[in-house]
Each structure stands twice: as structure tokens, then as C-alpha cells.
$ cat protein_22.txt   # compact mmCIF, C-alpha atoms and all ligand atoms
# COMPACT_ATOMS: atom_id res chain seq x y z
CA THR A 1 1.21 -26.74 15.58
CA SER A 2 1.73 -26.73 11.83
CA LYS A 3 2.78 -23.67 9.87
CA ILE A 4 0.36 -21.48 7.93
CA ARG A 5 0.84 -22.33 4.26
CA ILE A 6 1.03 -19.20 2.09
CA GLY A 7 0.79 -18.90 -1.69
CA ILE A 8 1.84 -15.80 -3.64
CA ALA A 9 -0.19 -14.86 -6.74
CA GLY A 10 1.86 -12.46 -8.90
CA TYR A 11 5.56 -11.80 -8.49
CA GLY A 12 6.32 -8.07 -8.75
CA ASN A 13 7.42 -5.72 -5.97
CA LEU A 14 4.77 -6.99 -3.55
CA GLY A 15 5.35 -10.63 -4.47
CA ARG A 16 9.05 -10.26 -3.66
CA GLY A 17 8.16 -8.36 -0.48
CA VAL A 18 5.78 -11.09 0.69
CA GLN A 19 8.49 -13.71 0.14
CA ALA A 20 10.87 -11.63 2.30
CA ALA A 21 8.20 -11.10 4.98
CA ILE A 22 7.36 -14.82 5.24
CA ALA A 23 11.04 -15.45 6.00
CA LYS A 24 10.63 -13.21 9.09
CA ASN A 25 7.56 -15.07 10.38
CA PRO A 26 8.46 -18.56 11.69
CA ASP A 27 4.82 -19.64 11.92
CA MET A 28 4.43 -19.36 8.12
CA GLU A 29 5.81 -21.13 5.10
CA LEU A 30 5.79 -20.22 1.41
CA VAL A 31 4.39 -23.16 -0.54
CA GLY A 32 4.26 -21.63 -4.01
CA VAL A 33 4.78 -18.57 -6.21
CA TYR A 34 2.16 -18.40 -9.00
CA THR A 35 2.63 -16.23 -12.07
CA ARG A 36 1.00 -15.46 -15.40
CA ARG A 37 4.47 -15.50 -16.96
CA ASP A 38 6.53 -18.62 -17.65
CA PRO A 39 7.34 -19.79 -14.09
CA GLN A 40 10.70 -21.22 -15.17
CA GLU A 41 11.75 -17.75 -16.40
CA LEU A 42 10.87 -16.05 -13.11
CA GLN A 43 13.86 -14.60 -11.24
CA LEU A 44 13.07 -15.44 -7.61
CA ALA A 45 14.85 -13.51 -4.86
CA SER A 46 15.32 -16.85 -3.06
CA PRO A 47 14.36 -20.42 -3.99
CA ALA A 48 10.67 -21.39 -3.77
CA PRO A 49 8.33 -23.69 -5.71
CA ARG A 50 7.00 -21.80 -8.77
CA PHE A 51 3.94 -22.54 -10.80
CA ALA A 52 1.84 -21.22 -13.66
CA ILE A 53 -1.09 -19.30 -12.18
CA THR A 54 -3.53 -21.69 -13.93
CA GLU A 55 -2.37 -24.42 -11.52
CA LEU A 56 -4.14 -22.61 -8.69
CA GLU A 57 -7.31 -24.42 -9.76
CA GLN A 58 -5.70 -27.71 -8.63
CA HIS A 59 -3.84 -26.62 -5.48
CA THR A 60 -6.74 -25.71 -3.20
CA GLY A 61 -5.76 -28.37 -0.65
CA ASP A 62 -2.17 -27.12 -0.34
CA ILE A 63 -2.58 -23.44 0.55
CA ASP A 64 -4.16 -21.89 3.67
CA VAL A 65 -4.02 -18.27 2.45
CA LEU A 66 -3.29 -16.94 -1.05
CA ILE A 67 -1.80 -13.43 -1.03
CA LEU A 68 -2.80 -11.56 -4.18
CA CYS A 69 0.09 -9.34 -5.28
CA GLY A 70 -1.28 -8.08 -8.59
CA GLY A 71 -1.88 -4.46 -9.53
CA SER A 72 -5.06 -2.69 -8.41
CA LYS A 73 -5.87 -1.26 -11.80
CA SER A 74 -6.50 -4.37 -13.88
CA ASP A 75 -5.15 -7.48 -12.07
CA LEU A 76 -7.13 -7.48 -8.81
CA PRO A 77 -10.57 -6.68 -10.29
CA GLU A 78 -10.22 -9.99 -12.15
CA GLN A 79 -8.12 -12.05 -9.71
CA GLY A 80 -9.84 -10.94 -6.47
CA PRO A 81 -13.28 -12.47 -7.18
CA LYS A 82 -11.79 -15.44 -9.04
CA TYR A 83 -9.47 -16.62 -6.28
CA ALA A 84 -11.85 -15.74 -3.43
CA ALA A 85 -13.96 -18.62 -4.76
CA LEU A 86 -11.03 -21.03 -4.26
CA TYR A 87 -8.90 -19.72 -1.38
CA ASN A 88 -8.78 -17.51 1.66
CA THR A 89 -7.18 -14.37 0.23
CA VAL A 90 -5.48 -11.11 1.21
CA ASP A 91 -4.94 -8.22 -1.20
CA SER A 92 -3.83 -4.57 -1.24
CA PHE A 93 -6.49 -3.11 -3.56
CA ASP A 94 -5.80 0.63 -3.33
CA THR A 95 -8.16 2.38 -5.73
CA HIS A 96 -9.92 4.14 -2.83
CA ALA A 97 -12.99 5.25 -4.79
CA ARG A 98 -13.67 1.69 -6.04
CA VAL A 99 -13.33 -0.14 -2.70
CA PRO A 100 -17.11 -0.49 -2.03
CA GLU A 101 -17.71 -1.96 -5.49
CA TYR A 102 -14.64 -4.24 -5.25
CA PHE A 103 -15.81 -5.46 -1.83
CA GLU A 104 -19.11 -6.63 -3.32
CA THR A 105 -17.47 -8.47 -6.22
CA VAL A 106 -15.23 -10.42 -3.80
CA ASP A 107 -17.82 -10.94 -1.05
CA ALA A 108 -20.28 -13.05 -3.04
CA PRO A 109 -17.85 -15.74 -4.30
CA ALA A 110 -16.01 -15.87 -0.94
CA LYS A 111 -19.25 -16.39 0.99
CA ALA A 112 -20.50 -19.01 -1.46
CA ALA A 113 -17.23 -20.96 -1.08
CA GLY A 114 -16.93 -20.51 2.70
CA LYS A 115 -13.70 -18.53 2.25
CA THR A 116 -12.42 -15.36 3.91
CA ALA A 117 -11.19 -12.53 1.67
CA LEU A 118 -9.42 -9.57 3.27
CA ILE A 119 -9.32 -6.67 0.83
CA SER A 120 -7.38 -3.39 0.77
CA ALA A 121 -4.70 -4.14 3.38
CA GLY A 122 -1.37 -2.31 3.34
CA TRP A 123 -0.59 1.15 4.68
CA ASP A 124 -2.99 3.37 2.71
CA PRO A 125 -5.51 1.85 2.47
CA GLY A 126 -4.66 -0.22 5.52
CA MET A 127 -2.87 1.02 8.64
CA PHE A 128 -3.70 4.67 7.81
CA SER A 129 -7.38 3.73 7.41
CA ILE A 130 -7.48 2.11 10.87
CA ASN A 131 -5.93 5.19 12.40
CA ARG A 132 -8.44 7.47 10.67
CA VAL A 133 -11.24 5.39 12.24
CA TYR A 134 -9.64 5.42 15.72
CA GLY A 135 -9.15 9.18 15.53
CA GLU A 136 -12.70 9.94 14.50
CA ALA A 137 -14.24 7.53 17.03
CA LEU A 138 -12.16 8.76 19.97
CA LEU A 139 -12.40 12.47 19.14
CA PRO A 140 -15.77 13.04 17.43
CA ASP A 141 -15.32 16.82 17.62
CA GLY A 142 -12.23 17.10 15.45
CA GLU A 143 -10.50 17.01 12.08
CA THR A 144 -8.52 14.20 10.43
CA TYR A 145 -5.48 15.04 8.33
CA THR A 146 -3.50 12.63 6.13
CA PHE A 147 -0.10 13.72 4.83
CA TRP A 148 1.87 11.53 2.44
CA GLY A 149 5.63 11.42 1.96
CA ARG A 150 8.35 12.10 1.62
CA GLY A 151 7.86 9.35 -0.88
CA LEU A 152 8.12 8.14 -4.42
CA SER A 153 4.77 8.28 -6.20
CA GLN A 154 4.44 5.66 -8.93
CA GLY A 155 1.54 7.37 -10.72
CA HIS A 156 3.19 10.79 -10.81
CA SER A 157 6.54 9.30 -11.86
CA ASP A 158 4.78 7.59 -14.77
CA ALA A 159 3.18 10.93 -15.74
CA VAL A 160 6.59 12.66 -15.75
CA ARG A 161 8.07 9.92 -17.95
CA ARG A 162 5.34 10.47 -20.56
CA VAL A 163 6.36 14.14 -21.12
CA PRO A 164 8.07 14.59 -24.53
CA GLY A 165 11.83 15.11 -24.06
CA VAL A 166 11.96 13.08 -20.82
CA ALA A 167 14.16 9.97 -21.00
CA ALA A 168 13.63 8.89 -17.38
CA GLY A 169 12.52 10.37 -14.10
CA VAL A 170 10.92 10.05 -10.67
CA GLN A 171 8.57 12.16 -8.60
CA TYR A 172 8.55 12.61 -4.83
CA THR A 173 5.57 13.82 -2.81
CA ILE A 174 6.67 16.02 0.09
CA PRO A 175 4.37 16.99 2.96
CA SER A 176 4.46 20.68 3.92
CA GLN A 177 6.24 21.16 7.25
CA GLU A 178 4.33 24.38 7.88
CA ALA A 179 0.99 22.60 7.47
CA ILE A 180 2.06 19.68 9.69
CA ASP A 181 3.22 22.10 12.41
CA LYS A 182 -0.18 23.83 12.44
CA VAL A 183 -2.01 20.50 12.64
CA ARG A 184 0.24 19.21 15.43
CA ALA A 185 -0.38 22.40 17.38
CA GLY A 186 -4.09 21.54 17.40
CA LEU A 187 -5.08 24.60 15.35
CA ARG A 188 -7.41 22.55 13.10
CA PRO A 189 -6.48 24.59 10.01
CA THR A 190 -8.39 24.46 6.72
CA LEU A 191 -5.79 23.32 4.18
CA ASP A 192 -6.15 23.24 0.42
CA THR A 193 -4.21 20.95 -1.90
CA ARG A 194 -1.33 23.39 -2.43
CA ASP A 195 -0.91 23.93 1.32
CA LYS A 196 -0.49 20.25 2.20
CA HIS A 197 2.05 18.83 -0.24
CA GLN A 198 4.79 19.87 -2.65
CA ARG A 199 6.09 17.82 -5.54
CA GLU A 200 9.71 17.33 -6.55
CA CYS A 201 10.83 15.75 -9.81
CA PHE A 202 14.21 14.38 -10.88
CA VAL A 203 14.38 14.17 -14.65
CA VAL A 204 16.87 12.82 -17.21
CA LEU A 205 16.44 14.65 -20.53
CA GLU A 206 16.63 13.06 -23.94
CA ASP A 207 19.51 14.32 -26.12
CA GLY A 208 18.72 17.78 -27.45
CA ALA A 209 15.55 18.26 -25.37
CA ASP A 210 14.68 21.77 -24.19
CA ALA A 211 14.87 21.76 -20.37
CA GLU A 212 12.65 24.83 -19.93
CA ALA A 213 9.93 23.36 -22.16
CA VAL A 214 10.01 20.09 -20.22
CA ARG A 215 9.83 21.91 -16.90
CA GLU A 216 6.86 23.96 -18.10
CA ALA A 217 5.06 20.85 -19.42
CA ILE A 218 5.48 19.11 -16.05
CA VAL A 219 4.50 21.91 -13.67
CA THR A 220 1.37 22.80 -15.68
CA MET A 221 0.15 19.20 -16.16
CA GLU A 222 -3.55 19.04 -15.30
CA HIS A 223 -4.59 17.09 -12.18
CA TYR A 224 -1.06 15.80 -11.58
CA PHE A 225 0.91 19.01 -10.98
CA ASP A 226 -1.08 22.17 -11.75
CA GLN A 227 -2.53 22.36 -8.21
CA TYR A 228 0.87 21.98 -6.51
CA ASP A 229 4.14 23.82 -6.12
CA THR A 230 6.49 21.63 -8.13
CA THR A 231 10.27 21.76 -8.54
CA VAL A 232 12.00 20.00 -11.42
CA ASN A 233 15.66 18.99 -11.11
CA PHE A 234 17.63 17.82 -14.13
CA ILE A 235 20.13 15.04 -13.48
CA ASP A 236 22.08 12.46 -15.50
CA ALA A 237 21.16 8.80 -15.87
CA GLU A 238 23.93 7.61 -13.52
CA THR A 239 22.72 9.89 -10.72
CA LEU A 240 19.15 8.68 -11.23
CA ALA A 241 20.27 5.06 -11.00
CA ARG A 242 22.49 5.71 -7.98
CA GLU A 243 20.27 7.99 -5.87
CA HIS A 244 16.68 7.29 -6.92
CA ALA A 245 16.36 3.51 -7.25
CA ASP A 246 14.65 2.94 -3.87
CA MET A 247 10.90 3.22 -3.24
CA PRO A 248 10.65 5.15 0.05
CA HIS A 249 7.30 6.40 1.28
CA GLY A 250 5.33 7.11 4.41
CA GLY A 251 3.41 9.93 6.00
CA PHE A 252 1.15 10.88 8.87
CA VAL A 253 -2.43 10.48 9.98
CA ILE A 254 -3.24 13.14 12.53
CA ARG A 255 -6.52 13.62 14.39
CA SER A 256 -6.88 16.91 16.18
CA GLY A 257 -9.93 17.35 18.35
CA ASN A 258 -11.52 19.03 21.32
CA THR A 259 -12.95 17.15 24.30
CA SER A 260 -14.20 20.37 25.91
CA ASP A 261 -13.93 24.09 25.22
CA GLU A 262 -10.70 24.18 27.21
CA GLN A 263 -8.97 20.98 26.13
CA LYS A 264 -7.54 19.93 22.79
CA GLN A 265 -6.09 16.52 22.01
CA VAL A 266 -3.83 15.43 19.14
CA ILE A 267 -3.32 11.82 17.99
CA GLU A 268 -0.60 11.03 15.45
CA TYR A 269 0.37 7.87 13.56
CA SER A 270 3.51 8.15 11.48
CA LEU A 271 5.29 5.89 8.99
CA ALA A 272 8.80 6.36 7.58
CA LEU A 273 9.25 3.57 5.05
CA GLY A 274 12.54 2.68 3.38
CA SER A 275 10.57 0.53 0.93
CA ASN A 276 6.88 1.05 0.30
CA PRO A 277 6.35 -2.43 -1.26
CA GLU A 278 8.32 -4.30 1.42
CA PHE A 279 6.35 -2.64 4.22
CA THR A 280 3.04 -3.20 2.42
CA SER A 281 3.97 -6.87 2.04
CA SER A 282 4.72 -7.18 5.77
CA VAL A 283 1.22 -5.90 6.48
CA LEU A 284 -0.29 -8.38 4.00
CA VAL A 285 1.49 -11.29 5.71
CA ALA A 286 0.27 -10.31 9.19
CA TYR A 287 -3.28 -10.09 7.81
CA ALA A 288 -2.85 -13.54 6.23
CA ARG A 289 -2.41 -14.92 9.76
CA ALA A 290 -5.62 -13.18 10.86
CA VAL A 291 -7.52 -14.41 7.82
CA HIS A 292 -6.48 -18.00 8.50
CA ARG A 293 -7.75 -17.73 12.09
CA MET A 294 -10.98 -15.97 11.11
CA ASN A 295 -11.77 -18.62 8.53
CA GLN A 296 -11.15 -21.36 11.10
CA ALA A 297 -13.53 -19.50 13.43
CA GLY A 298 -16.22 -19.53 10.74
CA VAL A 299 -16.00 -15.92 9.55
CA THR A 300 -16.44 -15.90 5.77
CA GLY A 301 -16.93 -13.40 2.95
CA ALA A 302 -15.07 -10.17 2.19
CA GLN A 303 -13.52 -8.35 5.15
CA THR A 304 -11.56 -5.13 5.56
CA VAL A 305 -8.96 -4.07 8.11
CA PHE A 306 -11.83 -2.59 10.16
CA ASP A 307 -13.22 -6.08 10.74
CA VAL A 308 -10.03 -7.67 12.07
CA ALA A 309 -9.29 -7.62 15.82
CA PRO A 310 -5.66 -6.54 16.40
CA GLY A 311 -4.76 -9.64 18.45
CA LEU A 312 -5.46 -11.84 15.43
CA LEU A 313 -2.51 -10.24 13.61
CA SER A 314 -0.04 -11.39 16.24
CA PRO A 315 1.62 -14.81 16.33
CA LYS A 316 1.17 -14.64 20.12
CA SER A 317 -1.84 -16.19 21.81
CA ALA A 318 -4.54 -14.05 23.40
CA ALA A 319 -3.27 -15.10 26.86
CA GLN A 320 0.29 -14.16 25.95
CA LEU A 321 -0.85 -10.77 24.65
CA ARG A 322 -2.80 -10.11 27.86
CA ALA A 323 0.27 -10.92 29.94
CA GLU A 324 2.80 -9.00 27.85
CA MET A 325 1.08 -6.14 26.09
CA LEU A 326 -1.73 -4.78 28.24
P1 LIG B 401 4.16 -4.63 -9.88
O1 LIG B 401 3.89 -3.88 -11.14
O2 LIG B 401 5.58 -4.78 -9.44
O3 LIG B 401 3.50 -6.10 -10.01
C1 LIG B 401 2.15 -6.30 -10.38
C2 LIG B 401 2.05 -7.59 -11.21
O4 LIG B 401 2.68 -7.39 -12.45
C3 LIG B 401 2.75 -8.76 -10.57
O5 LIG B 401 1.88 -9.45 -9.69
C4 LIG B 401 3.20 -9.60 -11.75
O6 LIG B 401 2.20 -10.58 -12.09
C5 LIG B 401 3.33 -8.58 -12.87
N1 LIG B 401 4.74 -8.25 -13.11
C6 LIG B 401 5.66 -7.81 -12.18
N2 LIG B 401 6.86 -7.61 -12.75
C7 LIG B 401 6.71 -7.91 -14.06
C8 LIG B 401 7.59 -7.89 -15.18
N3 LIG B 401 8.88 -7.57 -15.03
N4 LIG B 401 7.08 -8.23 -16.38
C9 LIG B 401 5.79 -8.57 -16.52
N5 LIG B 401 4.91 -8.62 -15.50
C10 LIG B 401 5.36 -8.29 -14.29
O7 LIG B 401 3.29 -3.92 -8.77
P2 LIG B 401 3.60 -3.81 -7.19
O8 LIG B 401 3.90 -5.16 -6.65
O9 LIG B 401 4.57 -2.72 -6.94
O10 LIG B 401 2.21 -3.29 -6.62
C11 LIG B 401 1.01 -4.04 -6.76
C12 LIG B 401 -0.16 -3.22 -6.28
O11 LIG B 401 -0.09 -3.03 -4.88
C13 LIG B 401 -0.23 -1.81 -6.85
O12 LIG B 401 -1.04 -1.79 -8.00
C14 LIG B 401 -0.87 -1.01 -5.76
O13 LIG B 401 -2.22 -0.81 -6.12
C15 LIG B 401 -0.84 -1.90 -4.54
N6 LIG B 401 -0.23 -1.22 -3.39
C16 LIG B 401 -1.01 -0.97 -2.29
C17 LIG B 401 -0.48 -0.33 -1.18
C18 LIG B 401 -1.33 -0.11 0.03
O14 LIG B 401 -0.86 0.54 0.98
N7 LIG B 401 -2.54 -0.62 0.12
C19 LIG B 401 0.91 0.15 -1.15
C20 LIG B 401 1.67 -0.22 -2.33
C21 LIG B 401 1.10 -0.87 -3.41
P3 LIG B 401 2.64 -11.98 -12.76
O15 LIG B 401 3.72 -12.58 -11.90
O16 LIG B 401 1.39 -12.78 -12.75
O17 LIG B 401 3.12 -11.66 -14.13
$ encode --input "protein_22.txt" --output "C-alpha cells"
Amino acid sequence: TSKIRIGIAGYGNLGRGVQAAIAKNPDMELVGVYTRRDPQELQLASPAPRFAITELEQHTGDIDVLILCGGSKSDLPEQGPKYAALYNTVDSFDTHARVPEYFETVDAPAKAAGKTALISAGWDPGMFSINRVYGEALLPDGETYTFWGRGLSQGHSDAVRRVPGVAAGVQYTIPSQEAIDKVRAGLRPTLDTRDKHQRECFVVLEDGADAEAVREAIVTMEHYFDQYDTTVNFIDAETLAREHADMPHGGFVIRSGNTSDEQKQVIEYSLALGSNPEFTSSVLVAYARAVHRMNQAGVTGAQTVFDVAPGLLSPKSAAQLRAEML
């Protein structure tokens, strides 16, 4: 059988991660990296054919699944519908509140073209979403809790870097151990924002900046920090580069429920990710396999992780899975 031919649209953290993930999946091959920048200037992690993104209009016969690796804020709202009219696609659209609207904009062109477009794959949305659905379906009398971290938050790190006097910095989201312990014990606690997570910042000051003023500006920042207990650590640029260059993340989805007055049940799904983008990319690549199979089976239009049977993610056949995994 021939390999599944994958294209990458956009070469940032996810684009690099998808390239690395394809190398771990022998049933797939990378046939092209497409970018809005000058393709000859692109620094690829390993050799691959590179093209200007405009060439996607001409390559429809060469790619089985195009993995969209653009940002959720402005890239995917444009690229999702556009490329769903030309290719089977997978993306990681993660603006949770806009998912229903994004689904509709991708669904129409995908259906019209007979293509399959899997939106919002990754870990959250993605694997965490699936586990929230399992939890609620299996334990209808219960509560679902999602904790994030310990992990680097891109949005909060950007907010810290915009504070006057800050030269560079990162922000970590840390789940509260006390809250997790209560949830794991099946106590079904009511938790507010401050109870569930703390925030920790590592900041490099500009020359002459007032550390106390910077700390105060961060911890009181509306929406981002004012509802949390936040610690701010001041470090030098070398320490930041040495100790805070990775993008770890992860967390827990926990469903705690009661099946009778006497019996409580707790389900937990946990991720500890060395690299958020590399893990997300691995998920995207597994979903690309499923999308290829679903399109061959005649399923078209926009899909989410809820619509994909787990066996379709595996390179193993259904018979092999029955023999080895049940
Ligand atoms: P990046 O900012 O690294 O890349 C986004 C796009 O920006 C790329 O596709 C690329 O497009 C362009 N780009 C990248 N580097 C440069 C550069 N040096 N100069 C100019 N342009 C550049 O984003 P990520 O890959 O980290 O993340 C993409 C999205 O994935 C995020 O917006 C987030 O929403 C989503 N995500 C979802 C997760 C989930 O669990 N569902 C988890 C993690 C992320 P081009 O090559 O065309 O220029």
C-alpha cells in the first residue's frame, strides 16, 4: 500500500512538530512545506520540498491531507475555509468560543468539494475534549474538572512582555495541588478561579526599571492575573535563555461522579508534555490518517474529534486492533 501524502501549510512550531511526527509514522510521507514567506529563506529542521503557499492551488493531485499549522487568531479563519475547498485538512483551531462558527465556515466549502476537514484537534481542544465527553457520558451524575499545567502559557507570557520595564519574560500556569487532591478524592468541590490555578512569572527587567512597580503591574493586570495568586521572579537574560526556552504543558481532565448513593467513581486523563507544540503536532498527524480514511469512505464536510472512531487513528487494521488491543 502506498504512503499517505501529507502537506504542511505554515512552518512555525506546529509545522516543525508535524515534520518531526511524520518521521515517526512509516505509513506517511511529507510531500511539501508551504509558507507565506519566501520558501527559499525557510530554515527547515530537515530537508523537504518547500513551496510558496500560493502553489497549493496547483498541487491538489499530490497531497492526500494538508495539515494547517497556522495560528488560530488570524491564520486559520482565512486558511481553514480556503483550503477545505481544495484538500482534506486537519487543524488545531483553539479559540474555544469560536469553534461552532469556525465549523460552519469550513463545513460548507469542504462538503461542496467532497473533502473532509477535521477542525480543532490537538490536546485542548482535542484529547481533553474527548475525555470530557467520555466522563460526562459514563458518569451523568458528576462534575468535570480541567486543570492546566504546569505549563508555559503563550498568551500570558505575551501579556507580561507588554508591561513597561519588562525586557523579556515567561509565564507558567500551575494547577493547585490542594484542589486536585479534593477532586481526586471524589469530593466534587466547587472551585473558583483562584482555587484551581496559580501563576508564576519569570521576568528580565530593562535597565533601571523598578522591580516593585513591574511586579505590581503584573499581579493586578485585569483578566490575566487579577483573579489569581501570582508570583513574579526576577532573573537575568542568560537564566531565561538557559532554563525557560522549552514549551512544556499538560494537565488533567477529571470526572468525578456517583453511580449510586453509596458509590463514587473517578476517571482521570493526564498529560505531561515536554513540548506542547510537538505533542499537538503528533495528534494532528494521527488525525490526518483518520481523515484520509474517512474521505475514502465517503465522509465529507467539517468533522471534530468527537466524530472520529479511535481505530481510525491507528496505523493498525481493525482486525489487528481486535486481536491486540481488546
Ligand atoms: P507559530 O506562531 O509558531 O506559527 C504560526 C504561523 O506563523 C506559521 O504557520 C507560519 O506561517 C508563521 N510563522 C512562524 N514562524 C514565523 C517567523 N519566524 N516569522 C514569520 N512568520 C512565522 O504558532 P504555533 O505553531 O506555535 O501554533 C499555531 C496554533 O496552534 C496556535 O495559534 C494555537 O492556536 C494552536 N495550538 C493548538 C493546540 C491545541 O491543543 N489544540 C495546542 C497548541 C497550539 P508561514 O510559514 O505561512 O509564514
$ residues_near_ligand --input "protein_22.txt" --ligand "ligand LIG 401 (chain B)" --cutoff "9 Å" --atoms "all atoms listed in the file" --output "PyMOL selection string"
chain A and resi 8-17+33-39+42+52-53+68-76+91-95+120-128+154+276-281+283-284
$ closest_residue --input "protein_22.txt" --among "A:Ala97, A:Phe103, A:His249, A:Pro164" --to "A:Asp207" --atoms "all atoms listed in the file"
A:Pro164
$ atom_distance --input "protein_22.txt" --atom1 "atom CA of A:Glu57" --atom2 "atom CA of A:Tyr83"
8.8 Å
$ closest_residue --input "protein_22.txt" --among "A:Cys201, A:Ala85, A:Leu240, A:Leu66" --to "A:Ala159" --atoms "all atoms listed in the file"
A:Cys201
$ closest_residue --input "protein_22.txt" --among "A:Ile67, A:Ala209, A:Leu326, A:Val166" --to "A:Ile119" --atoms "all atoms listed in the file"
A:Ile67
$ closest_atom_pairs --input "protein_22.txt" --of "stretch 74-142 of chain A" --to "stretch 290-312 of chain A" --cutoff "9 Å" --atoms "only C-alpha atoms" --output "tab-separated table"
residue	atom	partner	partner_atom	distance
A:Ala84	CA	A:Gly301	CA	8.5
A:Asn88	CA	A:Val291	CA	7.0
A:Thr89	CA	A:Val291	CA	7.6
A:Val90	CA	A:Val291	CA	7.7
A:Phe103	CA	A:Ala302	CA	6.2
A:Glu104	CA	A:Ala302	CA	7.7
A:Thr105	CA	A:Ala302	CA	8.9
A:Val106	CA	A:Ala302	CA	6.0
A:Asp107	CA	A:Ala302	CA	4.3
A:Ala108	CA	A:Gly301	CA	6.9
A:Pro109	CA	A:Gly301	CA	7.7
A:Ala110	CA	A:Gly301	CA	4.7
A:Lys111	CA	A:Gly301	CA	4.3
A:Ala112	CA	A:Gly301	CA	8.0
A:Ala113	CA	A:Thr300	CA	8.6
A:Gly114	CA	A:Thr300	CA	5.6
A:Lys115	CA	A:Thr300	CA	5.2
A:Thr116	CA	A:Thr300	CA	4.5
A:Ala117	CA	A:Ala302	CA	4.6
A:Leu118	CA	A:Gln303	CA	4.7
A:Ile119	CA	A:Thr304	CA	5.5
A:Ser120	CA	A:Thr304	CA	6.6
A:Ala121	CA	A:Val305	CA	6.4
A:Pro125	CA	A:Val305	CA	8.9
A:Gly126	CA	A:Val305	CA	6.3
A:Met127	CA	A:Val305	CA	8.0
A:Ser129	CA	A:Val305	CA	8.0
A:Ile130	CA	A:Phe306	CA	6.4
A:Val133	CA	A:Phe306	CA	8.3
$ write_last_selection --input "protein_22.txt" --atoms "C-alpha atoms" --output "compact mmCIF listing (two decimals), in the frame of the given file"
# COMPACT_ATOMS: atom_id res chain seq x y z
CA ALA A 84 -11.85 -15.74 -3.43
CA ASN A 88 -8.78 -17.51 1.66
CA THR A 89 -7.18 -14.37 0.23
CA VAL A 90 -5.48 -11.11 1.21
CA PHE A 103 -15.81 -5.46 -1.83
CA GLU A 104 -19.11 -6.63 -3.32
CA THR A 105 -17.47 -8.47 -6.22
CA VAL A 106 -15.23 -10.42 -3.80
CA ASP A 107 -17.82 -10.94 -1.05
CA ALA A 108 -20.28 -13.05 -3.04
CA PRO A 109 -17.85 -15.74 -4.30
CA ALA A 110 -16.01 -15.87 -0.94
CA LYS A 111 -19.25 -16.39 0.99
CA ALA A 112 -20.50 -19.01 -1.46
CA ALA A 113 -17.23 -20.96 -1.08
CA GLY A 114 -16.93 -20.51 2.70
CA LYS A 115 -13.70 -18.53 2.25
CA THR A 116 -12.42 -15.36 3.91
CA ALA A 117 -11.19 -12.53 1.67
CA LEU A 118 -9.42 -9.57 3.27
CA ILE A 119 -9.32 -6.67 0.83
CA SER A 120 -7.38 -3.39 0.77
CA ALA A 121 -4.70 -4.14 3.38
CA PRO A 125 -5.51 1.85 2.47
CA GLY A 126 -4.66 -0.22 5.52
CA MET A 127 -2.87 1.02 8.64
CA SER A 129 -7.38 3.73 7.41
CA ILE A 130 -7.48 2.11 10.87
CA VAL A 133 -11.24 5.39 12.24
$ closest_residue --input "protein_22.txt" --among "A:Thr144, A:Gln19, A:Gln171, A:Thr239" --to "A:His156" --atoms "all atoms listed in the file"
A:Gln171
$ residues_around --input "protein_22.txt" --residues "A:Pro47" --least-positions-apart "2" --cutoff "12 Å" --atoms "all atoms listed in the file" --output "ChimeraX atom specification"
/A:16,19-20,23,30-33,40,42-45,49-50
$ atom_distance --input "protein_22.txt" --atom1 "atom CA of A:Pro315" --atom2 "atom CA of A:Leu138"
27.5 Å
$ closest_residue --input "protein_22.txt" --among "A:Glu200, A:Glu78, A:Glu136, A:Asp192" --to "A:Ile174" --atoms "only C-alpha atoms"
A:Glu200
$ decode --input "protein_22.txt" --residues "stretch 149-200 of chain A" --atoms "C-alpha atoms" --output "tab-separated table (two decimals), in the first residue's frame"
chain	number	residue	atom	x	y	z
A	149	GLY	CA	-0.17	22.94	33.69
A	150	ARG	CA	2.40	23.09	34.86
A	151	GLY	CA	2.90	24.77	31.55
A	152	LEU	CA	4.04	27.77	29.61
A	153	SER	CA	1.12	29.95	28.55
A	154	GLN	CA	1.80	31.86	25.34
A	155	GLY	CA	-0.97	34.43	25.86
A	156	HIS	CA	0.01	35.24	29.44
A	157	SER	CA	3.71	35.38	28.54
A	158	ASP	CA	2.88	37.92	25.82
A	159	ALA	CA	0.91	39.97	28.37
A	160	VAL	CA	3.87	40.01	30.77
A	161	ARG	CA	6.22	41.14	27.99
A	162	ARG	CA	3.99	44.14	27.26
A	163	VAL	CA	4.40	45.56	30.81
A	164	PRO	CA	6.61	48.70	30.79
A	165	GLY	CA	10.05	47.89	32.25
A	166	VAL	CA	9.94	44.23	31.16
A	167	ALA	CA	12.67	43.25	28.68
A	168	ALA	CA	11.67	39.57	28.42
A	169	GLY	CA	9.70	37.01	30.36
A	170	VAL	CA	7.58	33.88	30.53
A	171	GLN	CA	4.53	32.80	32.49
A	172	TYR	CA	3.71	29.34	33.82
A	173	THR	CA	0.24	28.15	34.78
A	174	ILE	CA	0.35	25.86	37.81
A	175	PRO	CA	-2.60	23.70	38.90
A	176	SER	CA	-3.37	23.80	42.62
A	177	GLN	CA	-2.36	20.53	44.30
A	178	GLU	CA	-4.92	21.07	47.06
A	179	ALA	CA	-7.74	21.41	44.51
A	180	ILE	CA	-6.58	18.35	42.55
A	181	ASP	CA	-6.43	16.28	45.75
A	182	LYS	CA	-10.03	17.18	46.62
A	183	VAL	CA	-11.23	16.31	43.11
A	184	ARG	CA	-9.35	13.00	43.08
A	185	ALA	CA	-10.90	12.11	46.42
A	186	GLY	CA	-14.32	12.35	44.77
A	187	LEU	CA	-15.45	15.28	46.94
A	188	ARG	CA	-16.89	17.17	43.92
A	189	PRO	CA	-15.79	20.55	45.31
A	190	THR	CA	-16.99	23.90	43.96
A	191	LEU	CA	-13.79	25.65	42.86
A	192	ASP	CA	-13.41	29.26	41.79
A	193	THR	CA	-10.68	30.57	39.50
A	194	ARG	CA	-8.25	31.37	42.33
A	195	ASP	CA	-8.65	27.89	43.85
A	196	LYS	CA	-7.74	25.97	40.68
A	197	HIS	CA	-4.56	27.56	39.33
A	198	GLN	CA	-1.66	29.78	40.34
A	199	ARG	CA	0.52	31.79	38.01
A	200	GLU	CA	4.29	32.13	38.12
